[in-house]
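Below is work.cif, which holds mmCIF, C-alpha atoms and all ligand atoms; chains and numbers go by the auth columns.
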data_input
loop_
_atom_site.group_PDB
_atom_site.id
_atom_site.type_symbol
_atom_site.label_atom_id
_atom_site.label_comp_id
_atom_site.label_asym_id
_atom_site.label_seq_id
_atom_site.Cartn_x
_atom_site.Cartn_y
_atom_site.Cartn_z
_atom_site.B_iso_or_equiv
_atom_site.auth_seq_id
_atom_site.auth_asym_id
ATOM 1 C CA MET A 1 -184.559 86.353 36.383 0.00 23 A
ATOM 2 C CA PRO A 2 -183.777 83.822 33.684 0.00 24 A
ATOM 3 C CA PHE A 3 -187.102 84.371 31.823 0.00 25 A
ATOM 4 C CA HIS A 4 -187.456 87.431 29.589 0.00 26 A
ATOM 5 C CA ASP A 5 -190.586 88.811 27.935 0.00 27 A
ATOM 6 C CA VAL A 6 -190.312 90.752 24.668 0.00 28 A
ATOM 7 C CA GLY A 7 -193.807 91.508 23.404 0.00 29 A
ATOM 8 C CA SER A 8 -195.547 88.144 23.095 0.00 30 A
ATOM 9 C CA ILE A 9 -192.222 86.271 23.046 0.00 31 A
ATOM 10 C CA CYS A 10 -190.835 84.697 26.198 0.00 32 A
ATOM 11 C CA TYR A 11 -187.356 83.205 26.345 0.00 33 A
ATOM 12 C CA TYR A 12 -185.007 81.758 28.923 0.00 34 A
ATOM 13 C CA SER A 13 -181.353 82.728 29.231 0.00 35 A
ATOM 14 C CA PHE A 14 -178.369 81.586 31.291 0.00 36 A
ATOM 15 C CA ASP A 15 -176.762 83.933 33.823 0.00 37 A
ATOM 16 C CA ASN A 16 -173.206 82.699 33.215 0.00 38 A
ATOM 17 C CA LEU A 17 -173.519 83.493 29.497 0.00 39 A
ATOM 18 C CA ASP A 18 -175.439 86.748 30.015 0.00 40 A
ATOM 19 C CA GLU A 19 -172.692 87.997 32.345 0.00 41 A
ATOM 20 C CA ASN A 20 -170.251 87.555 29.455 0.00 42 A
ATOM 21 C CA LYS A 21 -172.574 89.340 27.017 0.00 43 A
ATOM 22 C CA VAL A 22 -173.078 86.178 24.981 0.00 44 A
ATOM 23 C CA LEU A 23 -176.505 86.371 23.415 0.00 45 A
ATOM 24 C CA ASN A 24 -178.360 83.217 24.358 0.00 46 A
ATOM 25 C CA ALA A 25 -182.073 82.642 24.090 0.00 47 A
ATOM 26 C CA THR A 26 -183.954 79.426 24.659 0.00 48 A
ATOM 27 C CA PHE A 27 -187.369 80.318 23.271 0.00 49 A
ATOM 28 C CA THR A 28 -190.466 79.001 24.979 0.00 50 A
ATOM 29 C CA ARG A 29 -193.343 77.866 22.765 0.00 51 A
ATOM 30 C CA ARG A 30 -195.263 81.077 23.489 0.00 52 A
ATOM 31 C CA GLY A 31 -195.791 84.021 21.152 0.00 53 A
ATOM 32 C CA GLY A 32 -195.876 82.394 17.719 0.00 54 A
ATOM 33 C CA ILE A 33 -198.568 81.820 15.076 0.00 55 A
ATOM 34 C CA SER A 34 -198.744 78.032 14.708 0.00 56 A
ATOM 35 C CA PRO A 35 -201.994 76.287 15.714 0.00 57 A
ATOM 36 C CA PRO A 36 -202.211 73.114 17.860 0.00 58 A
ATOM 37 C CA PRO A 37 -200.493 70.678 18.108 0.00 59 A
ATOM 38 C CA TRP A 38 -197.570 72.992 17.308 0.00 60 A
ATOM 39 C CA ALA A 39 -198.888 76.037 19.215 0.00 61 A
ATOM 40 C CA SER A 40 -197.384 78.363 18.920 0.00 62 A
ATOM 41 C CA LEU A 41 -193.737 79.381 18.360 0.00 63 A
ATOM 42 C CA ASN A 42 -192.851 76.210 16.448 0.00 64 A
ATOM 43 C CA MET A 43 -189.398 76.292 14.853 0.00 65 A
ATOM 44 C CA GLY A 44 -189.395 72.716 13.576 0.00 66 A
ATOM 45 C CA GLY A 45 -189.846 72.436 9.817 0.00 67 A
ATOM 46 C CA LEU A 46 -190.297 68.666 9.649 0.00 68 A
ATOM 47 C CA ARG A 47 -193.226 68.151 12.036 0.00 69 A
ATOM 48 C CA GLY A 48 -196.191 68.751 9.711 0.00 70 A
ATOM 49 C CA ASP A 49 -196.579 72.463 10.392 0.00 71 A
ATOM 50 C CA ASP A 50 -196.798 74.928 7.463 0.00 72 A
ATOM 51 C CA PRO A 51 -193.209 75.956 6.495 0.00 73 A
ATOM 52 C CA GLU A 52 -194.309 79.580 6.067 0.00 74 A
ATOM 53 C CA ARG A 53 -195.574 79.722 9.646 0.00 75 A
ATOM 54 C CA VAL A 54 -192.374 78.072 10.874 0.00 76 A
ATOM 55 C CA TYR A 55 -190.300 80.641 9.013 0.00 77 A
ATOM 56 C CA ALA A 56 -192.431 83.530 10.319 0.00 78 A
ATOM 57 C CA ASN A 57 -191.974 82.224 13.870 0.00 79 A
ATOM 58 C CA ARG A 58 -188.238 82.164 13.393 0.00 80 A
ATOM 59 C CA VAL A 59 -188.196 85.734 12.104 0.00 81 A
ATOM 60 C CA THR A 60 -190.277 86.885 15.096 0.00 82 A
ATOM 61 C CA ALA A 61 -187.933 85.112 17.509 0.00 83 A
ATOM 62 C CA PHE A 62 -184.761 86.491 15.911 0.00 84 A
ATOM 63 C CA ASN A 63 -186.183 90.009 15.791 0.00 85 A
ATOM 64 C CA SER A 64 -187.123 89.837 19.486 0.00 86 A
ATOM 65 C CA VAL A 65 -183.438 89.563 20.410 0.00 87 A
ATOM 66 C CA GLY A 66 -182.162 91.934 17.712 0.00 88 A
ATOM 67 C CA ARG A 67 -180.663 89.346 15.324 0.00 89 A
ATOM 68 C CA GLN A 68 -181.140 89.281 11.567 0.00 90 A
ATOM 69 C CA PRO A 69 -182.757 86.036 10.317 0.00 91 A
ATOM 70 C CA GLU A 70 -180.139 85.965 7.517 0.00 92 A
ATOM 71 C CA SER A 71 -177.379 85.581 10.128 0.00 93 A
ATOM 72 C CA VAL A 72 -178.526 82.036 10.933 0.00 94 A
ATOM 73 C CA PHE A 73 -176.356 78.965 10.841 0.00 95 A
ATOM 74 C CA ASP A 74 -178.389 75.817 11.426 0.00 96 A
ATOM 75 C CA VAL A 75 -178.105 72.151 10.481 0.00 97 A
ATOM 76 C CA TRP A 76 -180.170 69.025 9.943 0.00 98 A
ATOM 77 C CA GLN A 77 -180.045 67.432 13.392 0.00 99 A
ATOM 78 C CA VAL A 78 -179.761 63.679 12.946 0.00 100 A
ATOM 79 C CA HIS A 79 -178.664 62.247 16.350 0.00 101 A
ATOM 80 C CA GLY A 80 -175.183 61.688 14.949 0.00 102 A
ATOM 81 C CA ASN A 81 -171.715 62.727 16.079 0.00 103 A
ATOM 82 C CA SER A 82 -170.744 65.286 13.431 0.00 104 A
ATOM 83 C CA VAL A 83 -169.356 68.627 14.545 0.00 105 A
ATOM 84 C CA ILE A 84 -169.269 71.686 12.264 0.00 106 A
ATOM 85 C CA CYS A 85 -167.200 74.817 12.878 0.00 107 A
ATOM 86 C CA THR A 86 -168.588 77.523 10.603 0.00 108 A
ATOM 87 C CA LYS A 87 -167.233 80.806 9.312 0.00 109 A
ATOM 88 C CA ALA A 88 -170.398 81.834 7.464 0.00 110 A
ATOM 89 C CA PRO A 89 -174.188 81.753 7.843 0.00 111 A
ATOM 90 C CA ARG A 90 -176.164 79.161 5.883 0.00 112 A
ATOM 91 C CA ALA A 91 -177.186 80.945 2.719 0.00 113 A
ATOM 92 C CA TYR A 92 -180.963 81.126 2.249 0.00 114 A
ATOM 93 C CA GLY A 93 -182.213 78.086 0.341 0.00 115 A
ATOM 94 C CA LYS A 94 -178.905 76.229 0.670 0.00 116 A
ATOM 95 C CA PRO A 95 -179.438 72.656 1.969 0.00 117 A
ATOM 96 C CA HIS A 96 -178.723 71.902 5.596 0.00 118 A
ATOM 97 C CA GLN A 97 -175.617 69.894 6.429 0.00 119 A
ATOM 98 C CA LYS A 98 -176.138 67.005 8.865 0.00 120 A
ATOM 99 C CA ALA A 99 -174.634 67.639 12.304 0.00 121 A
ATOM 100 C CA ASP A 100 -175.502 67.775 15.999 0.00 122 A
ATOM 101 C CA ALA A 101 -172.844 70.190 17.240 0.00 123 A
ATOM 102 C CA ILE A 102 -172.138 73.615 15.705 0.00 124 A
ATOM 103 C CA PHE A 103 -169.534 76.237 16.598 0.00 125 A
ATOM 104 C CA THR A 104 -168.342 79.610 15.414 0.00 126 A
ATOM 105 C CA ASP A 105 -165.914 82.376 16.345 0.00 127 A
ATOM 106 C CA HIS A 106 -167.665 84.945 14.112 0.00 128 A
ATOM 107 C CA PRO A 107 -169.899 87.468 15.939 0.00 129 A
ATOM 108 C CA GLU A 108 -172.069 88.037 12.852 0.00 130 A
ATOM 109 C CA ILE A 109 -173.323 84.427 12.899 0.00 131 A
ATOM 110 C CA THR A 110 -176.351 83.317 14.927 0.00 132 A
ATOM 111 C CA LEU A 111 -176.177 79.630 15.837 0.00 133 A
ATOM 112 C CA PHE A 112 -179.610 78.021 15.902 0.00 134 A
ATOM 113 C CA MET A 113 -180.928 74.585 16.907 0.00 135 A
ATOM 114 C CA ARG A 114 -184.318 72.973 17.591 0.00 136 A
ATOM 115 C CA PHE A 115 -185.389 70.841 20.551 0.00 137 A
ATOM 116 C CA ALA A 116 -188.239 68.912 22.156 0.00 138 A
ATOM 117 C CA ASP A 117 -186.772 66.786 25.031 0.00 139 A
ATOM 118 C CA CYS A 118 -183.202 66.313 23.736 0.00 140 A
ATOM 119 C CA VAL A 119 -180.580 68.190 25.740 0.00 141 A
ATOM 120 C CA PRO A 120 -179.389 71.602 24.520 0.00 142 A
ATOM 121 C CA ILE A 121 -175.797 72.214 25.623 0.00 143 A
ATOM 122 C CA LEU A 122 -174.493 75.762 25.192 0.00 144 A
ATOM 123 C CA LEU A 123 -170.727 76.311 25.252 0.00 145 A
ATOM 124 C CA PHE A 124 -168.598 79.448 25.408 0.00 146 A
ATOM 125 C CA ASP A 125 -164.858 79.988 25.518 0.00 147 A
ATOM 126 C CA PRO A 126 -164.287 83.570 26.763 0.00 148 A
ATOM 127 C CA ARG A 127 -160.569 83.453 25.935 0.00 149 A
ATOM 128 C CA LYS A 128 -160.834 82.254 22.334 0.00 150 A
ATOM 129 C CA LYS A 129 -164.273 83.861 21.798 0.00 151 A
ATOM 130 C CA VAL A 130 -165.905 80.711 20.512 0.00 152 A
ATOM 131 C CA ILE A 131 -169.536 79.638 21.017 0.00 153 A
ATOM 132 C CA GLY A 132 -171.280 76.381 20.323 0.00 154 A
ATOM 133 C CA LEU A 133 -174.556 74.504 20.510 0.00 155 A
ATOM 134 C CA VAL A 134 -174.870 70.753 20.990 0.00 156 A
ATOM 135 C CA HIS A 135 -177.993 68.596 20.525 0.00 157 A
ATOM 136 C CA ALA A 136 -177.795 65.479 22.703 0.00 158 A
ATOM 137 C CA GLY A 137 -180.582 62.931 22.931 0.00 159 A
ATOM 138 C CA TRP A 138 -179.856 59.495 24.353 0.00 160 A
ATOM 139 C CA GLN A 139 -177.764 58.589 21.317 0.00 161 A
ATOM 140 C CA GLY A 140 -175.685 61.754 21.421 0.00 162 A
ATOM 141 C CA THR A 141 -175.281 61.262 25.159 0.00 163 A
ATOM 142 C CA VAL A 142 -174.119 57.622 25.142 0.00 164 A
ATOM 143 C CA ASN A 143 -171.953 58.366 22.098 0.00 165 A
ATOM 144 C CA LYS A 144 -170.385 61.241 24.092 0.00 166 A
ATOM 145 C CA LEU A 145 -171.047 63.851 21.437 0.00 167 A
ATOM 146 C CA VAL A 146 -170.244 66.757 23.764 0.00 168 A
ATOM 147 C CA SER A 147 -166.821 65.239 24.531 0.00 169 A
ATOM 148 C CA GLU A 148 -166.091 64.886 20.809 0.00 170 A
ATOM 149 C CA ALA A 149 -167.269 68.440 20.228 0.00 171 A
ATOM 150 C CA LEU A 150 -164.873 69.729 22.893 0.00 172 A
ATOM 151 C CA ASP A 151 -161.979 67.855 21.277 0.00 173 A
ATOM 152 C CA ALA A 152 -162.965 69.311 17.911 0.00 174 A
ATOM 153 C CA ILE A 153 -162.834 72.920 19.149 0.00 175 A
ATOM 154 C CA SER A 154 -159.472 72.332 20.820 0.00 176 A
ATOM 155 C CA ALA A 155 -158.144 71.261 17.438 0.00 177 A
ATOM 156 C CA GLN A 156 -159.966 73.975 15.462 0.00 178 A
ATOM 157 C CA TYR A 157 -159.602 77.028 17.703 0.00 179 A
ATOM 158 C CA GLY A 158 -157.042 75.996 20.339 0.00 180 A
ATOM 159 C CA CYS A 159 -159.652 76.082 23.133 0.00 181 A
ATOM 160 C CA ALA A 160 -158.473 74.946 26.580 0.00 182 A
ATOM 161 C CA HIS A 161 -161.310 73.035 28.212 0.00 183 A
ATOM 162 C CA GLY A 162 -160.691 74.636 31.621 0.00 184 A
ATOM 163 C CA ASP A 163 -161.658 78.024 30.156 0.00 185 A
ATOM 164 C CA ILE A 164 -165.018 76.880 28.799 0.00 186 A
ATOM 165 C CA MET A 165 -168.406 77.659 30.337 0.00 187 A
ATOM 166 C CA ALA A 166 -171.277 75.275 29.767 0.00 188 A
ATOM 167 C CA ALA A 167 -175.033 75.412 30.195 0.00 189 A
ATOM 168 C CA ILE A 168 -177.535 72.571 30.029 0.00 190 A
ATOM 169 C CA GLY A 169 -180.927 73.780 28.818 0.00 191 A
ATOM 170 C CA PRO A 170 -184.561 72.690 29.156 0.00 192 A
ATOM 171 C CA SER A 171 -184.966 69.010 28.271 0.00 193 A
ATOM 172 C CA ILE A 172 -186.616 65.897 29.600 0.00 194 A
ATOM 173 C CA CYS A 173 -186.204 65.031 33.300 0.00 195 A
ATOM 174 C CA PRO A 174 -185.292 61.517 34.481 0.00 196 A
ATOM 175 C CA ASP A 175 -188.810 60.914 35.874 0.00 197 A
ATOM 176 C CA HIS A 176 -190.303 61.427 32.418 0.00 198 A
ATOM 177 C CA TYR A 177 -187.570 59.571 30.582 0.00 199 A
ATOM 178 C CA SER A 178 -187.993 55.838 30.822 0.00 200 A
ATOM 179 C CA VAL A 179 -185.780 53.882 28.472 0.00 201 A
ATOM 180 C CA GLY A 180 -185.454 50.306 27.230 0.00 202 A
ATOM 181 C CA GLU A 181 -182.852 47.633 27.787 0.00 203 A
ATOM 182 C CA GLU A 182 -180.834 48.715 24.740 0.00 204 A
ATOM 183 C CA VAL A 183 -180.248 52.187 26.186 0.00 205 A
ATOM 184 C CA VAL A 184 -179.526 50.823 29.674 0.00 206 A
ATOM 185 C CA ASN A 185 -176.859 48.506 28.275 0.00 207 A
ATOM 186 C CA LYS A 186 -175.239 51.325 26.302 0.00 208 A
ATOM 187 C CA VAL A 187 -175.153 53.555 29.384 0.00 209 A
ATOM 188 C CA LYS A 188 -173.515 50.755 31.377 0.00 210 A
ATOM 189 C CA SER A 189 -170.871 50.094 28.735 0.00 211 A
ATOM 190 C CA GLU A 190 -170.075 53.788 28.107 0.00 212 A
ATOM 191 C CA PHE A 191 -170.311 55.219 31.630 0.00 213 A
ATOM 192 C CA GLY A 192 -168.995 52.301 33.733 0.00 214 A
ATOM 193 C CA LYS A 193 -169.723 52.675 37.442 0.00 215 A
ATOM 194 C CA ASP A 194 -171.367 56.089 36.893 0.00 216 A
ATOM 195 C CA ALA A 195 -174.213 54.192 35.242 0.00 217 A
ATOM 196 C CA GLU A 196 -175.522 53.441 38.748 0.00 218 A
ATOM 197 C CA THR A 197 -176.290 57.121 39.309 0.00 219 A
ATOM 198 C CA LEU A 198 -177.519 57.693 35.749 0.00 220 A
ATOM 199 C CA ILE A 199 -180.033 54.860 35.563 0.00 221 A
ATOM 200 C CA ASN A 200 -182.763 54.506 38.162 0.00 222 A
ATOM 201 C CA GLU A 201 -185.079 51.534 38.299 0.00 223 A
ATOM 202 C CA ARG A 202 -188.585 52.180 39.567 0.00 224 A
ATOM 203 C CA GLU A 203 -191.635 49.947 39.278 0.00 225 A
ATOM 204 C CA GLY A 204 -189.883 47.790 36.734 0.00 226 A
ATOM 205 C CA ARG A 205 -188.913 50.717 34.485 0.00 227 A
ATOM 206 C CA TYR A 206 -185.509 52.239 33.868 0.00 228 A
ATOM 207 C CA HIS A 207 -185.135 56.033 33.938 0.00 229 A
ATOM 208 C CA PHE A 208 -182.114 57.718 32.347 0.00 230 A
ATOM 209 C CA ASN A 209 -180.775 61.032 33.696 0.00 231 A
ATOM 210 C CA LEU A 210 -179.631 62.873 30.555 0.00 232 A
ATOM 211 C CA TRP A 211 -178.781 66.044 32.507 0.00 233 A
ATOM 212 C CA GLU A 212 -176.372 64.310 34.869 0.00 234 A
ATOM 213 C CA ALA A 213 -174.843 62.188 32.092 0.00 235 A
ATOM 214 C CA ASN A 214 -173.936 65.272 30.065 0.00 236 A
ATOM 215 C CA ARG A 215 -172.804 67.148 33.181 0.00 237 A
ATOM 216 C CA LEU A 216 -170.426 64.248 33.934 0.00 238 A
ATOM 217 C CA LEU A 217 -169.095 64.291 30.364 0.00 239 A
ATOM 218 C CA LEU A 218 -168.398 68.034 30.613 0.00 240 A
ATOM 219 C CA GLU A 219 -166.773 67.650 34.030 0.00 241 A
ATOM 220 C CA SER A 220 -164.583 64.788 32.851 0.00 242 A
ATOM 221 C CA LYS A 221 -163.216 67.109 30.137 0.00 243 A
ATOM 222 C CA GLY A 222 -162.119 69.616 32.792 0.00 244 A
ATOM 223 C CA ILE A 223 -165.037 72.045 32.591 0.00 245 A
ATOM 224 C CA LYS A 224 -165.852 73.575 35.966 0.00 246 A
ATOM 225 C CA ASP A 225 -168.385 76.269 35.111 0.00 247 A
ATOM 226 C CA ILE A 226 -171.492 74.207 34.333 0.00 248 A
ATOM 227 C CA PHE A 227 -174.981 75.596 34.825 0.00 249 A
ATOM 228 C CA VAL A 228 -177.901 73.172 34.677 0.00 250 A
ATOM 229 C CA SER A 229 -181.330 74.744 34.132 0.00 251 A
ATOM 230 C CA ASN A 230 -183.118 71.766 35.758 0.00 252 A
ATOM 231 C CA ILE A 231 -186.176 72.600 33.654 0.00 253 A
ATOM 232 C CA CYS A 232 -188.098 69.635 32.284 0.00 254 A
ATOM 233 C CA THR A 233 -189.860 69.981 28.953 0.00 255 A
ATOM 234 C CA ALA A 234 -192.468 67.287 29.733 0.00 256 A
ATOM 235 C CA CYS A 235 -193.211 68.730 33.211 0.00 257 A
ATOM 236 C CA ASN A 236 -193.877 72.182 31.722 0.00 258 A
ATOM 237 C CA LEU A 237 -195.893 71.778 28.542 0.00 259 A
ATOM 238 C CA ASN A 238 -197.160 75.366 28.704 0.00 260 A
ATOM 239 C CA ASP A 239 -193.614 76.570 28.094 0.00 261 A
ATOM 240 C CA TRP A 240 -191.918 73.837 26.064 0.00 262 A
ATOM 241 C CA TYR A 241 -192.500 71.234 23.403 0.00 263 A
ATOM 242 C CA SER A 242 -192.015 67.655 24.565 0.00 264 A
ATOM 243 C CA HIS A 243 -191.827 64.738 22.142 0.00 265 A
ATOM 244 C CA ARG A 244 -192.462 62.275 24.998 0.00 266 A
ATOM 245 C CA GLY A 245 -194.917 64.449 26.883 0.00 267 A
ATOM 246 C CA GLU A 246 -197.085 64.966 23.783 0.00 268 A
ATOM 247 C CA ALA A 247 -196.688 61.525 22.204 0.00 269 A
ATOM 248 C CA GLY A 248 -194.811 62.875 19.194 0.00 270 A
ATOM 249 C CA HIS A 249 -197.537 65.341 18.132 0.00 271 A
ATOM 250 C CA THR A 250 -195.777 68.602 18.809 0.00 272 A
ATOM 251 C CA GLY A 251 -193.335 71.199 17.515 0.00 273 A
ATOM 252 C CA ARG A 252 -189.768 72.235 18.297 0.00 274 A
ATOM 253 C CA PHE A 253 -188.521 75.192 20.317 0.00 275 A
ATOM 254 C CA GLY A 254 -185.481 77.151 19.204 0.00 276 A
ATOM 255 C CA VAL A 255 -182.192 77.914 20.937 0.00 277 A
ATOM 256 C CA ILE A 256 -179.897 80.601 19.582 0.00 278 A
ATOM 257 C CA MET A 257 -176.465 81.909 20.487 0.00 279 A
ATOM 258 C CA ALA A 258 -174.298 84.727 19.210 0.00 280 A
ATOM 259 C CA LEU A 259 -171.015 86.309 20.281 0.00 281 A
ATOM 260 C CA PRO A 260 -170.908 89.960 21.312 0.00 282 A
ATOM 261 C CA GLY A 261 -169.984 92.139 18.310 0.00 283 A
HETATM 262 ZN ZN ZN B . -190.420 65.955 33.789 0.00 301 A
#
Write-out of the structure in structure tokens:
Amino acid sequence: MPFHDVGSICYYSFDNLDENKVLNATFTRRGGISPPPWASLNMGGLRGDDPERVYANRVTAFNSVGRQPESVFDVWQVHGNSVICTKAPRAYGKPHQKADAIFTDHPEITLFMRFADCVPILLFDPRKKVIGLVHAGWQGTVNKLVSEALDAISAQYGCAHGDIMAAIGPSICPDHYSVGEEVVNKVKSEFGKDAETLINEREGRYHFNLWEANRLLLESKGIKDIFVSNICTACNLNDWYSHRGEAGHTGRFGVIMALPG
């Protein structure tokens, strides 16, 4: 079963990563201390919730999977194309760097990102023992962030793309994700004929399939082992935060990854 209960905490994990003993937890919104509209395991510090509650939620989540909160490496996610390969945790109180893809080959580091509709992409190279997290909204998707991230880890760690396993986590489904003309035009110019399968027009609205777009990007880089959770954040508001599904008044759920020690 992909869902795990630890006390009041409930998280989702991917079989292909679990089988390789890569710690991966996509935390549902259950089991934290934040009140509505962030109820309850809100990990997002910039959404109006009390920072002390957000920090307490993070500590609870990390403890539930046996990781020290001080082992965290996280960034300020800005819908850009920066990739960071880190050798050290982010020291407590040190400012966040801006990035939307983070990697490490150090087992003592816990990679951590926050989501509410954008696509979490988890990556693992079992040969080079490298893990990574990517945050791809529509901008990261049309700007092919995951492709750039894969090129970056080839250069940094010598990863061969054919070795890499990928997982696409809970995020917004195409039915819930209508987009404007600007996004449609970008998808057409960046994805060529694949845009026909990625954009669906219904009742005068365009719907963008972020899951399939990122799956295609991974596949085009030579990745064969791709697991898609097919879980929509907006369809399942009891489990996940959804920026679209809750009209912006919501929190962020956390995703963490760590290499086996
Ligand atoms: Zn949905």
Could you list, as a list in words, all protein and nucleic acid residues with an atom at most 9 Å from ligand ZN 301 (chain A), counting all atoms listed in the file?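 Those within range of ligand ZN 301 (chain A) are Ser193, Ile194, Cys195, Pro196, Asp197, His198, Tyr199, Ile253, Cys254, Thr255, Ala256, Cys257, Asn258 and Gly267 of chain A.
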Preceding selection exported with C-alpha atoms as a PDB file, in the frame of the given file:
ATOM      1  CA  SER A 193    -184.966  69.010  28.271  1.00  0.00           C
ATOM      2  CA  ILE A 194    -186.616  65.897  29.600  1.00  0.00           C
ATOM      3  CA  CYS A 195    -186.204  65.031  33.300  1.00  0.00           C
ATOM      4  CA  PRO A 196    -185.292  61.517  34.481  1.00  0.00           C
ATOM      5  CA  ASP A 197    -188.810  60.914  35.874  1.00  0.00           C
ATOM      6  CA  HIS A 198    -190.303  61.427  32.418  1.00  0.00           C
ATOM      7  CA  TYR A 199    -187.570  59.571  30.582  1.00  0.00           C
ATOM      8  CA  ILE A 253    -186.176  72.600  33.654  1.00  0.00           C
ATOM      9  CA  CYS A 254    -188.098  69.635  32.284  1.00  0.00           C
ATOM     10  CA  THR A 255    -189.860  69.981  28.953  1.00  0.00           C
ATOM     11  CA  ALA A 256    -192.468  67.287  29.733  1.00  0.00           C
ATOM     12  CA  CYS A 257    -193.211  68.730  33.211  1.00  0.00           C
ATOM     13  CA  ASN A 258    -193.877  72.182  31.722  1.00  0.00           C
ATOM     14  CA  GLY A 267    -194.917  64.449  26.883  1.00  0.00           C
TER      15      GLY A 267
END
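For the choices A:Lys150, A:Ala110, A:Phe25, A:Trp60, the atom-to-atom distance to A:Gly270 is smallest for A:Trp60 when using all atoms listed in the file.
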With stretch 243-247 of chain A as the partner and 12 Å as the cut-off, tabulate the residues of stretch 38-150 of chain A that qualify, each row holding the nearest pair of atoms and their distance in Å to one decimal, using all atoms listed in the file, sorted by chain and rising number, as CSV.
residue,atom,partner,partner_atom,distance
A:Asn38,CA,A:Asp247,CA,8.3
A:Leu39,CA,A:Asp247,CA,10.5
A:Leu144,CA,A:Asp247,CA,11.7
A:Leu145,CA,A:Asp247,CA,10.1
A:Phe146,CA,A:Asp247,CA,10.2
A:Asp147,CA,A:Ile245,CA,10.6
A:Pro148,CA,A:Asp247,CA,11.8
Explicit residue set for the PyMOL selection byres (((chain A and resi 54-58) around 10) and not hetatm), as a PyMOL selection string: chain A and resi 30-31+50-53+59-65+71-72+74-76+78-80+82-83+271-273
Which distance in Å separates atom CA of A:Leu259 and atom CA of A:Ile124, to one decimal? 27.1 Å
For this structure, which residues satisfy the selection - the PyMOL selection byres (((chain A and resi 223-240) around 8) and not hetatm) - when it is evaluated on the file as given? I want them as an MDAnalysis selection string. chainID A and resid 141 159:160 163 166 168:169 188 190 194:202 206 220:222 241:245 248 250 252
Tell me, as a list in words, which residues lie within 7 Å of stretch 86-96 of chain A, counting only C-alpha atoms; anything in the same chain fewer than 2 positions away does not count.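 Result of the neighbour search: Val28, Val81, Thr82, Ala83, Phe84, Pro111, Arg112, Glu130, Ile131, Thr132, Leu133, Phe134 and Met135 of chain A.
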What does the distance from atom CA of A:Glu218 to atom CA of A:Ala138 come to in Å, to one decimal?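 Taking atom CA of A:Glu218 as the start and atom CA of A:Ala138 as the end point, the length is 26.0 Å.
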Hey, which of A:Ala47, A:Met187, A:Ile278, A:Val205 ends up closest to A:Tyr33? Count all atoms listed in the file.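 Result for the nearest residue to A:Tyr33: A:Ala47.
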Atom CA of A:Val100 to atom CA of A:Lys116: how many Å, to one decimal?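 These atoms are spaced 17.6 Å apart.
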Counting only C-alpha atoms, figure out which residue out of A:Arg69, A:His157, A:His101, A:Lys120 gets nearest to A:Pro142.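 Smallest distance to A:Pro142 is found for A:His157.
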Which is closer to A:Val105 than all the others in A:Asp127, A:Asp40, A:Asp139, A:Asp173, using all atoms listed in the file? A:Asp173
Pick from A:His128, A:Arg149, A:Lys109, A:His26: nearest to A:Met279, with all atoms listed in the file counted?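 The closest residue to A:Met279 is A:His128.
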The PyMOL selection byres (((chain A and resi 178) around 12) and not hetatm) resolved against shown file, as a ChimeraX atom specification: /A:105-109,125-127,150,152,171-177,179-182
Please reconstruct the missing atoms of stretch 147-157 of chain A (target: N, CA and C atoms) and return them as a PDB file, in the coordinates of the input.
ATOM      1  N   ASP A 147    -166.238  79.807  25.084  1.00  0.00           N
ATOM      2  CA  ASP A 147    -164.858  79.988  25.518  1.00  0.00           C
ATOM      3  C   ASP A 147    -164.565  81.491  25.512  1.00  0.00           C
ATOM      4  N   PRO A 148    -164.490  82.116  26.715  1.00  0.00           N
ATOM      5  CA  PRO A 148    -164.287  83.570  26.763  1.00  0.00           C
ATOM      6  C   PRO A 148    -162.900  83.995  26.301  1.00  0.00           C
ATOM      7  N   ARG A 149    -161.925  83.083  26.349  1.00  0.00           N
ATOM      8  CA  ARG A 149    -160.569  83.453  25.935  1.00  0.00           C
ATOM      9  C   ARG A 149    -160.443  83.431  24.413  1.00  0.00           C
ATOM     10  N   LYS A 150    -160.945  82.369  23.785  1.00  0.00           N
ATOM     11  CA  LYS A 150    -160.834  82.254  22.334  1.00  0.00           C
ATOM     12  C   LYS A 150    -162.050  82.849  21.606  1.00  0.00           C
ATOM     13  N   LYS A 151    -163.049  83.282  22.381  1.00  0.00           N
ATOM     14  CA  LYS A 151    -164.273  83.861  21.798  1.00  0.00           C
ATOM     15  C   LYS A 151    -164.919  82.911  20.779  1.00  0.00           C
ATOM     16  N   VAL A 152    -165.243  81.751  21.314  1.00  0.00           N
ATOM     17  CA  VAL A 152    -165.905  80.711  20.512  1.00  0.00           C
ATOM     18  C   VAL A 152    -167.193  80.322  21.224  1.00  0.00           C
ATOM     19  N   ILE A 153    -168.278  80.138  20.453  1.00  0.00           N
ATOM     20  CA  ILE A 153    -169.536  79.638  21.017  1.00  0.00           C
ATOM     21  C   ILE A 153    -169.955  78.365  20.285  1.00  0.00           C
ATOM     22  N   GLY A 154    -170.790  77.594  20.966  1.00  0.00           N
ATOM     23  CA  GLY A 154    -171.280  76.381  20.323  1.00  0.00           C
ATOM     24  C   GLY A 154    -172.573  75.889  20.921  1.00  0.00           C
ATOM     25  N   LEU A 155    -173.313  75.153  20.098  1.00  0.00           N
ATOM     26  CA  LEU A 155    -174.556  74.504  20.510  1.00  0.00           C
ATOM     27  C   LEU A 155    -174.448  73.011  20.201  1.00  0.00           C
ATOM     28  N   VAL A 156    -174.892  72.203  21.159  1.00  0.00           N
ATOM     29  CA  VAL A 156    -174.870  70.753  20.990  1.00  0.00           C
ATOM     30  C   VAL A 156    -176.280  70.221  21.235  1.00  0.00           C
ATOM     31  N   HIS A 157    -176.673  69.238  20.424  1.00  0.00           N
ATOM     32  CA  HIS A 157    -177.993  68.596  20.525  1.00  0.00           C
ATOM     33  C   HIS A 157    -177.760  67.139  20.933  1.00  0.00           C
TER      34      HIS A 157
END
